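Participant: A single structure is presented below for examination.
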Amino acid sequence: MSARNLSTVSTSITRVPGVAIVLGALCAMFGVMSPEFLTPANIANILTQSTILLLLALPMTLIIMTEGLDLSIGAVLTLASIVLAVTVVATGSAPLGFLAALMVGFCIGLGNGVLIAVFDIPPFITTLGTLGIAQGLSLLVTDGQSVVGIPRSIEAIYSGTVVGIPMPVVIGALAYAVTHGLLYHTRFGTYVFALGGNREALKVAGISVRGMLIRVYVFGGLMAGFAALLMTARLNSAHPTAGIGMEFDAIAAVAVGGTSFERGNGWLFGTLLGVIAVGVLRNGLNLLAVPSSAQVACIGAIVIIALFIDGQRGER
Amino acid sequence: MKYLTFSVTAVLAALFSNAASAEGETIAVFTKNLTNPYFQAVRVGTETAAKTLGVKVIQYVPTKPDSIPEQLSQVEDVIVKKPNAIVFVPVDYKALVPAVEKINAAGIPVTNITDRSAGGNFVAFVGADDYSIGLAIARRLLTAIGGKGNVIILEGVKGSLTSTNRVRGFNDALKETPNVKLLASQPANFQRLNALQVMENLMQSFPSIDGVLAANDPMAVGAIEALEAANRKAMVIGINGSREAVELIKSGKLLASGDFNGFIQGCIGTQIAVRNLRKQPTPKEVMLKPIVIDKTNFTPYETPVEQRTCPTIEQITSN
Amino acid sequence: MSSTPDVAVRSRLAPSRDVIQALYRLIAVALLCAALTALSDVFFTTNNILNVLRQTALLFLMASGLTLVILTAGLDLSVGANIALSACLAASVMKTTGSPLLGMATGIGCGAAVGFANGILVTALRIPSFIATYGMMWMLTGVTYYYMAGETIHGFPPGFRQFGSGYLLGVPMPVYIMMLFLFIGAFFAQRTVWGQQIYAIGANPVAARLSGVPVERRLVLVYAVSGAMAGLASLIILARINSAQGDIGEELTLPAIAAVLVGGTSLFGGSGTVAGTMIGALFLTLVLNGMNLLQIHSSWQPLVTGIIILLAVWIDNRTRRSDA
């Protein structure tokens, strides 16, 4: 089983993937055109701004590897951040709030997993439904208003530093390490690969396919709950529109990073590169003061270019 | 592969070659989205003022309309570039407070326009009193229907400060006329199609509607379309003073529109930012007076924003 | 071009199984209508029914082309953005030339061109449809924003307005257009060779190619059709609200996809019907209409819609399994 993982990783590294080319090109271009781009402050900005998306894209990689999709992850992030904020304001306890956020992520992730694995509802539609439910709950709880009054201690999670490195970057690195370890060095990870490419093998081995699928979506929900902590810290409040659209950004980052929708092969490092590429693009466009409508078009173009490059190399 | 990378880079470099160098002061302007004509008017106002004052403005708008995290990121990115000053419309008046605090910490002077931020230090606030506009325009409609009948309120986006204050104004005006009955108060997200469908549904439940108080012009237009399609008549008012509204006022389909003047706010905001940079005295707050645009005074509003000239701060604060 | 045994068997079996599915859905719609009639005394009035049908028509027109795309196991996320661009271009042409016909041609033409581009991305550049249409969505939006520059275009000739808000024999125009395309779409999918080939591509692209189906050409066709239908839908929106703005249609993409899926078409391709999509669109519109009539606060609407979508698909799954 681990031999299969090794071969996937090594074949991915020997061919330079589209995302790496795109990322390299963007960095080179922005580095030349903008004096501020390569400054430490700016690089710190890019990495910090990318963390929340990374936290969503990491579990999304696993989910897409199982030939699934989680459209609800942005709405779960939003709802979890609202629950966190409300709990902290009501009880004054940050750890309790964090726990509440994780619970929200866990429950919705579990709901997704059960609907998909047990009730056989396709992931697209399941998570479309739970997106509506989570979004609806967010609106109902807040009545459209921000939740404020959050103690500064939470804000420090986003703005603090650890030996000079911004806290979110540390958290992002940790999340990456954990997911990487999970995927490539545990049996759970091996089973995830099997869920995508070879479900028969799982059944033969006596592993419950349903159980595995549920676990994967629960992982997604938990990460969304975790990301909610960062989001609330960043805004110093919670808002029912905070996470809108992030699920599509996460899916795009995963796809740009090289994980295929169909064949169950995934590349976690590619997802990381994809997330950073998006962050670099947006940051560079802002630094260059590119007009907003052009920025919107560029984001679409980059995604297509990255996958076009992959396609040319015979990945598909 | 190398050729592809090179050509792509070359094309992109050519597209983005407007990374100009600044002569005169640089002011970064933040607005909420690219689609609401109100914010376009604000942007045009800032650019018109900038031209007269010899400064450069750079516009920052989220690619996803009204996106809070994106505006936060844009603020962080812009701080790295150290503009001389910032003119700021927060996407959400509470959620963007950390962004303002970052701007303050970086020592960049910032002027707040349109939505009053819930925190942070500003050079000044330039805005219009949504409540007073709502009150004034609702009173106009209530007078027009003779102080009795049935009305409907079309609210904006749930939770938006603008919507809340305007609707509060509507409701207070309604309290003054006890013979007028409020049938329903529904949000339509400041959007035209939304308002049209909400109106259609409300017309099913309520056979007799005399007046519609819409919290902005697109919703007022949507309501008018719905009424016309159903061959029903009612007095409708909106808020924004948009070109479309002015045309409808001219043709009599819209009773009036409240002047919520983005162009002037952009102008004044920029003027204050520049005066502050040049160490000239500036007012701490400029509130535009609530003006009701109707058949009697719509002519100045027919000029497109691009062709208008900026009033000075004194002109606005004196009357 | 003779079909393989697989395709022939499918075309004989598929209609009857899909007909049963459609019947189950019609029953669901009927039940919903019964419930709403009981709960609201304005539901079953002529005006309201016509309203529902008109709103359904818009959703259906968007979703009909999308059905063909999803039948090939693809997806088109760009329909909303396509509507915005097509509407804005059509509006601009109509204002400058004063001709509704030219405007309409522009709208549909733009929609089809965008669809064609999507098709090329998917077939020639071999980009997965999710990503290709997602990227296209952003690019279209950028172009639309740039073109509109934050302004609106309003005031179209009355002849054009009739298209969207006019009535013929007491029934709104969009309803006729919906029935027309329902017939065309169903006929195309079920009774033409091209339609059967589309099902085959979705069910088993390799087998389809081996049996001589020109897969790339058909795929480009379905994306172009999806785009053209978005163009048509944009015209109806223009006619209804009498103006164009950069962000119209944005919020319609996911409901359109939901209508197709609730209507029984599978995301894996190869099974589903255009008629099913119409029922799906009707169902979703009824849910919204019901919530509005019952004055359920708009904050509840995403929640209720989400739950209903899940219920509908779950019930569909159970019935599908019980007669498989």
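Ligands are numbered from 1 in the order shown, chains are lettered A, B, ... in the order of the structure tokens, and residues start at 1 in each chain.
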Select residues of chain B: the criterion is any atom within 6 Å of an atom of chain C, counting only C-alpha atoms; output as a ChimeraX atom specification.

Facilitator: /B:34-35,37,40

Participant: Write out as a list in words which residues come within 8 Å of A:Val216 when counting only C-alpha atoms, dropping same-chain ones fewer than 5 positions away.

Facilitator: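 Residues meeting the cut-off are Pro59, Leu62, Ile63, Gly113 and Val192 of chain A.
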
Participant: Could you work out which residues of chain A fall inside 7 Å of chain C? Count only C-alpha atoms, and format the result as a PyMOL selection string.

Facilitator: chain A and resi 119+121+126+129-130+132-133+135-137+139-140+252+293-294+296-301+303-304+307-308+311

Participant: Write to file, as a PDB file, in the first residue's frame, the residues of the selection just made, with C-alpha atoms.

Facilitator:
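Output below, filename again_34.pdb:
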```pdb
ATOM      1  CA  PHE A 119     -28.382   7.836   1.885  1.00  0.00           C
ATOM      2  CA  ILE A 121     -27.227  11.377  -2.302  1.00  0.00           C
ATOM      3  CA  THR A 126     -25.833  17.031  -0.620  1.00  0.00           C
ATOM      4  CA  GLY A 129     -28.308  21.443   0.387  1.00  0.00           C
ATOM      5  CA  THR A 130     -26.153  21.754   3.492  1.00  0.00           C
ATOM      6  CA  GLY A 132     -28.236  26.380   2.068  1.00  0.00           C
ATOM      7  CA  ILE A 133     -28.904  25.092   5.540  1.00  0.00           C
ATOM      8  CA  GLN A 135     -26.143  29.815   5.208  1.00  0.00           C
ATOM      9  CA  GLY A 136     -29.723  29.983   6.375  1.00  0.00           C
ATOM     10  CA  LEU A 137     -28.763  29.307   9.969  1.00  0.00           C
ATOM     11  CA  LEU A 139     -28.631  34.548   8.599  1.00  0.00           C
ATOM     12  CA  LEU A 140     -31.184  33.544  11.191  1.00  0.00           C
ATOM     13  CA  ALA A 252     -10.208  25.700  -7.817  1.00  0.00           C
ATOM     14  CA  SER A 293     -12.474  44.319 -13.540  1.00  0.00           C
ATOM     15  CA  ALA A 294      -9.148  43.204 -15.006  1.00  0.00           C
ATOM     16  CA  VAL A 296     -11.596  39.519 -11.937  1.00  0.00           C
ATOM     17  CA  ALA A 297     -10.748  38.360 -15.450  1.00  0.00           C
ATOM     18  CA  CYS A 298      -7.172  37.434 -14.479  1.00  0.00           C
ATOM     19  CA  ILE A 299      -8.315  35.124 -11.735  1.00  0.00           C
ATOM     20  CA  GLY A 300     -10.306  33.110 -14.231  1.00  0.00           C
ATOM     21  CA  ALA A 301      -7.522  33.155 -16.763  1.00  0.00           C
ATOM     22  CA  VAL A 303      -7.025  28.882 -13.361  1.00  0.00           C
ATOM     23  CA  ILE A 304      -7.540  27.950 -16.978  1.00  0.00           C
ATOM     24  CA  LEU A 307      -4.894  23.434 -16.139  1.00  0.00           C
ATOM     25  CA  PHE A 308      -4.145  23.997 -19.780  1.00  0.00           C
ATOM     26  CA  GLY A 311      -3.366  19.142 -20.058  1.00  0.00           C
TER      27      GLY A 311
END
```

Participant: Just how far from atom CA of A:Ala228 is atom CA of A:Val141, in Å to one decimal?

Facilitator: 16.0 Å

Participant: Might you pull out every residue within 9 Å of A:Gly196, with only C-alpha atoms counted and same-chain residues fewer than 4 positions away left off, and present them as an MDAnalysis selection string?

Facilitator: chainID A and resid 64:68 191:192 262:265

Participant: What are the residues of chain A lining chain B at 6 Å or less? Count only C-alpha atoms, and put the answer as a compact mmCIF listing (two decimals) with N, CA and C atoms, in the first residue's frame.

Facilitator:
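The new file out30.txt reads:
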```
# COMPACT_ATOMS: atom_id res chain seq x y z
N GLY A 144 -28.45 39.10 9.86
CA GLY A 144 -27.71 39.89 8.90
C GLY A 144 -26.65 40.81 9.50
N GLN A 145 -26.60 40.88 10.83
CA GLN A 145 -25.67 41.81 11.47
C GLN A 145 -24.38 41.12 11.87
N LEU A 235 -11.40 39.20 11.54
CA LEU A 235 -12.41 40.25 11.46
C LEU A 235 -12.69 40.89 12.80
N SER A 237 -14.75 39.90 14.58
CA SER A 237 -16.21 39.85 14.62
C SER A 237 -16.61 38.66 13.76
N LEU A 288 0.07 46.21 -8.01
CA LEU A 288 0.21 46.90 -9.29
C LEU A 288 -0.98 47.79 -9.59
N SER A 292 -9.96 46.72 -11.00
CA SER A 292 -10.68 45.56 -10.46
C SER A 292 -11.26 44.65 -11.51
N VAL A 296 -10.60 40.58 -11.87
CA VAL A 296 -11.60 39.52 -11.94
C VAL A 296 -11.30 38.60 -13.11
```

Participant: Any chance you could list, as a VMD selection string, the residues in stretch 128-216 of chain A that come up strand (DSSP E or B) when DSSP is run on the backbone?

Facilitator: chain A and resid 147 161 to 162 165 to 166

Participant: Just write the chosen residues, N, CA and C atoms, as a PDB file, in the first residue's frame.

Facilitator:
```
ATOM      1  N   VAL A 147     -21.528  40.042  14.498  1.00  0.00           N
ATOM      2  CA  VAL A 147     -21.487  39.769  15.936  1.00  0.00           C
ATOM      3  C   VAL A 147     -20.206  40.389  16.458  1.00  0.00           C
ATOM      4  N   THR A 161       2.641  36.920  16.502  1.00  0.00           N
ATOM      5  CA  THR A 161       3.736  36.255  15.797  1.00  0.00           C
ATOM      6  C   THR A 161       4.416  35.254  16.715  1.00  0.00           C
ATOM      7  N   VAL A 162       5.061  34.278  16.107  1.00  0.00           N
ATOM      8  CA  VAL A 162       5.852  33.296  16.844  1.00  0.00           C
ATOM      9  C   VAL A 162       7.258  33.346  16.250  1.00  0.00           C
ATOM     10  N   ILE A 165       7.413  34.937  12.953  1.00  0.00           N
ATOM     11  CA  ILE A 165       6.542  34.428  11.889  1.00  0.00           C
ATOM     12  C   ILE A 165       5.098  34.652  12.332  1.00  0.00           C
ATOM     13  N   PRO A 166       4.275  35.190  11.409  1.00  0.00           N
ATOM     14  CA  PRO A 166       2.882  35.432  11.792  1.00  0.00           C
ATOM     15  C   PRO A 166       2.206  34.133  12.239  1.00  0.00           C
TER      16      PRO A 166
END
```

Participant: Excluding A:Leu96 and residues on its chain fewer than 5 positions from it, collect all residues at most 10 Å away from it, counting only C-alpha atoms, and give them as a ChimeraX atom specification.

Facilitator: /A:84,87-88,91,101-102

Participant: Can you tell me which residues surround stretch 258-270 of chain B at a distance of at most 6 Å, considering only C-alpha atoms, apart from same-chain residues fewer than 4 positions away, and format the answer as a PyMOL selection string?

Facilitator: chain B and resi 38+41-42+45-46+49+239-241+291-293+310

Participant: List as a list of chain:residue names the protein and nucleic acid residues near A:Leu128, meaning an atom at most 7 Å away when only C-alpha atoms are counted, but skip any in the same chain fewer than 4 places from it.

Facilitator: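 Residues meeting the cut-off are A:Leu71, A:Ser72, A:Phe124, A:Gly132.
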
Participant: Output N, CA and C atoms for every residue in the selection just made, as an mmCIF file, in the first residue's frame.

Facilitator:
```cif
data_model
loop_
_atom_site.group_PDB
_atom_site.id
_atom_site.type_symbol
_atom_site.label_atom_id
_atom_site.label_comp_id
_atom_site.auth_asym_id
_atom_site.auth_seq_id
_atom_site.Cartn_x
_atom_site.Cartn_y
_atom_site.Cartn_z
ATOM 1 N N LEU A 71 -19.393 21.535 -1.283
ATOM 2 C CA LEU A 71 -19.779 22.901 -1.585
ATOM 3 C C LEU A 71 -20.168 23.670 -0.337
ATOM 4 N N SER A 72 -20.298 22.960 0.790
ATOM 5 C CA SER A 72 -20.814 23.637 1.978
ATOM 6 C C SER A 72 -19.711 24.214 2.843
ATOM 7 N N PHE A 124 -22.459 16.580 -4.742
ATOM 8 C CA PHE A 124 -22.764 17.934 -5.217
ATOM 9 C C PHE A 124 -24.059 18.417 -4.606
ATOM 10 N N GLY A 132 -27.049 25.566 1.811
ATOM 11 C CA GLY A 132 -28.236 26.380 2.068
ATOM 12 C C GLY A 132 -28.608 26.369 3.538
#
```

Participant: Atom CA of A:Val89 and atom CA of A:His239 are how many Å apart?

Facilitator: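 About the pair atom CA of A:Val89 and atom CA of A:His239: they are 14.2 Å apart.
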
Participant: Need the shell around B:Ala124: protein/DNA/RNA residues with any atom at most 6 Å away, counting only C-alpha atoms. Skip same-chain ones fewer than 6 positions apart. Format as a PyMOL selection string?

Facilitator: chain B and resi 111+284-285

Participant: Write out the residues from the selection above, keeping N, CA and C atoms, as a PDB file, in the first residue's frame.

Facilitator:
```pdb
ATOM      1  N   THR B 111      -9.855  58.925   5.608  1.00  0.00           N
ATOM      2  CA  THR B 111     -11.150  59.604   5.669  1.00  0.00           C
ATOM      3  C   THR B 111     -12.244  58.586   5.395  1.00  0.00           C
ATOM      4  N   LYS B 284     -14.460  68.000  10.820  1.00  0.00           N
ATOM      5  CA  LYS B 284     -14.421  66.626  11.311  1.00  0.00           C
ATOM      6  C   LYS B 284     -15.546  65.785  10.703  1.00  0.00           C
ATOM      7  N   GLU B 285     -16.580  66.486  10.275  1.00  0.00           N
ATOM      8  CA  GLU B 285     -17.723  65.738   9.752  1.00  0.00           C
ATOM      9  C   GLU B 285     -18.466  66.597   8.743  1.00  0.00           C
TER      10      GLU B 285
END
```

Participant: Name the residues of stretch 131-257 of chain A that come out as alpha helix (DSSP H) in a backbone DSSP run; write them as a ChimeraX atom specification.

Facilitator: /A:131-142,152-159,167-185,187-197,199-205,209-235,246-256

Participant: Using only C-alpha atoms, which of A:Pro123, A:Pro291, A:Gly274, A:Gly197 sits nearest A:Ala255?

Facilitator: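 Checking each of A:Pro123, A:Pro291, A:Gly274, A:Gly197 against A:Ala255, counting only C-alpha atoms, the winner is A:Gly274.
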
Participant: I need the residue nearest C:Gly231 from this list: C:Trp194, C:Gly185, C:Gly280, C:Ala112. Use only C-alpha atoms for the distance.

Facilitator: C:Ala112

Participant: Can you measure atom CA of B:Ile113 to atom CA of B:Val87 for me? One decimal in Å is fine.

Facilitator: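 Spanning atom CA of B:Ile113 to atom CA of B:Val87 is a straight-line distance of 7.1 Å.
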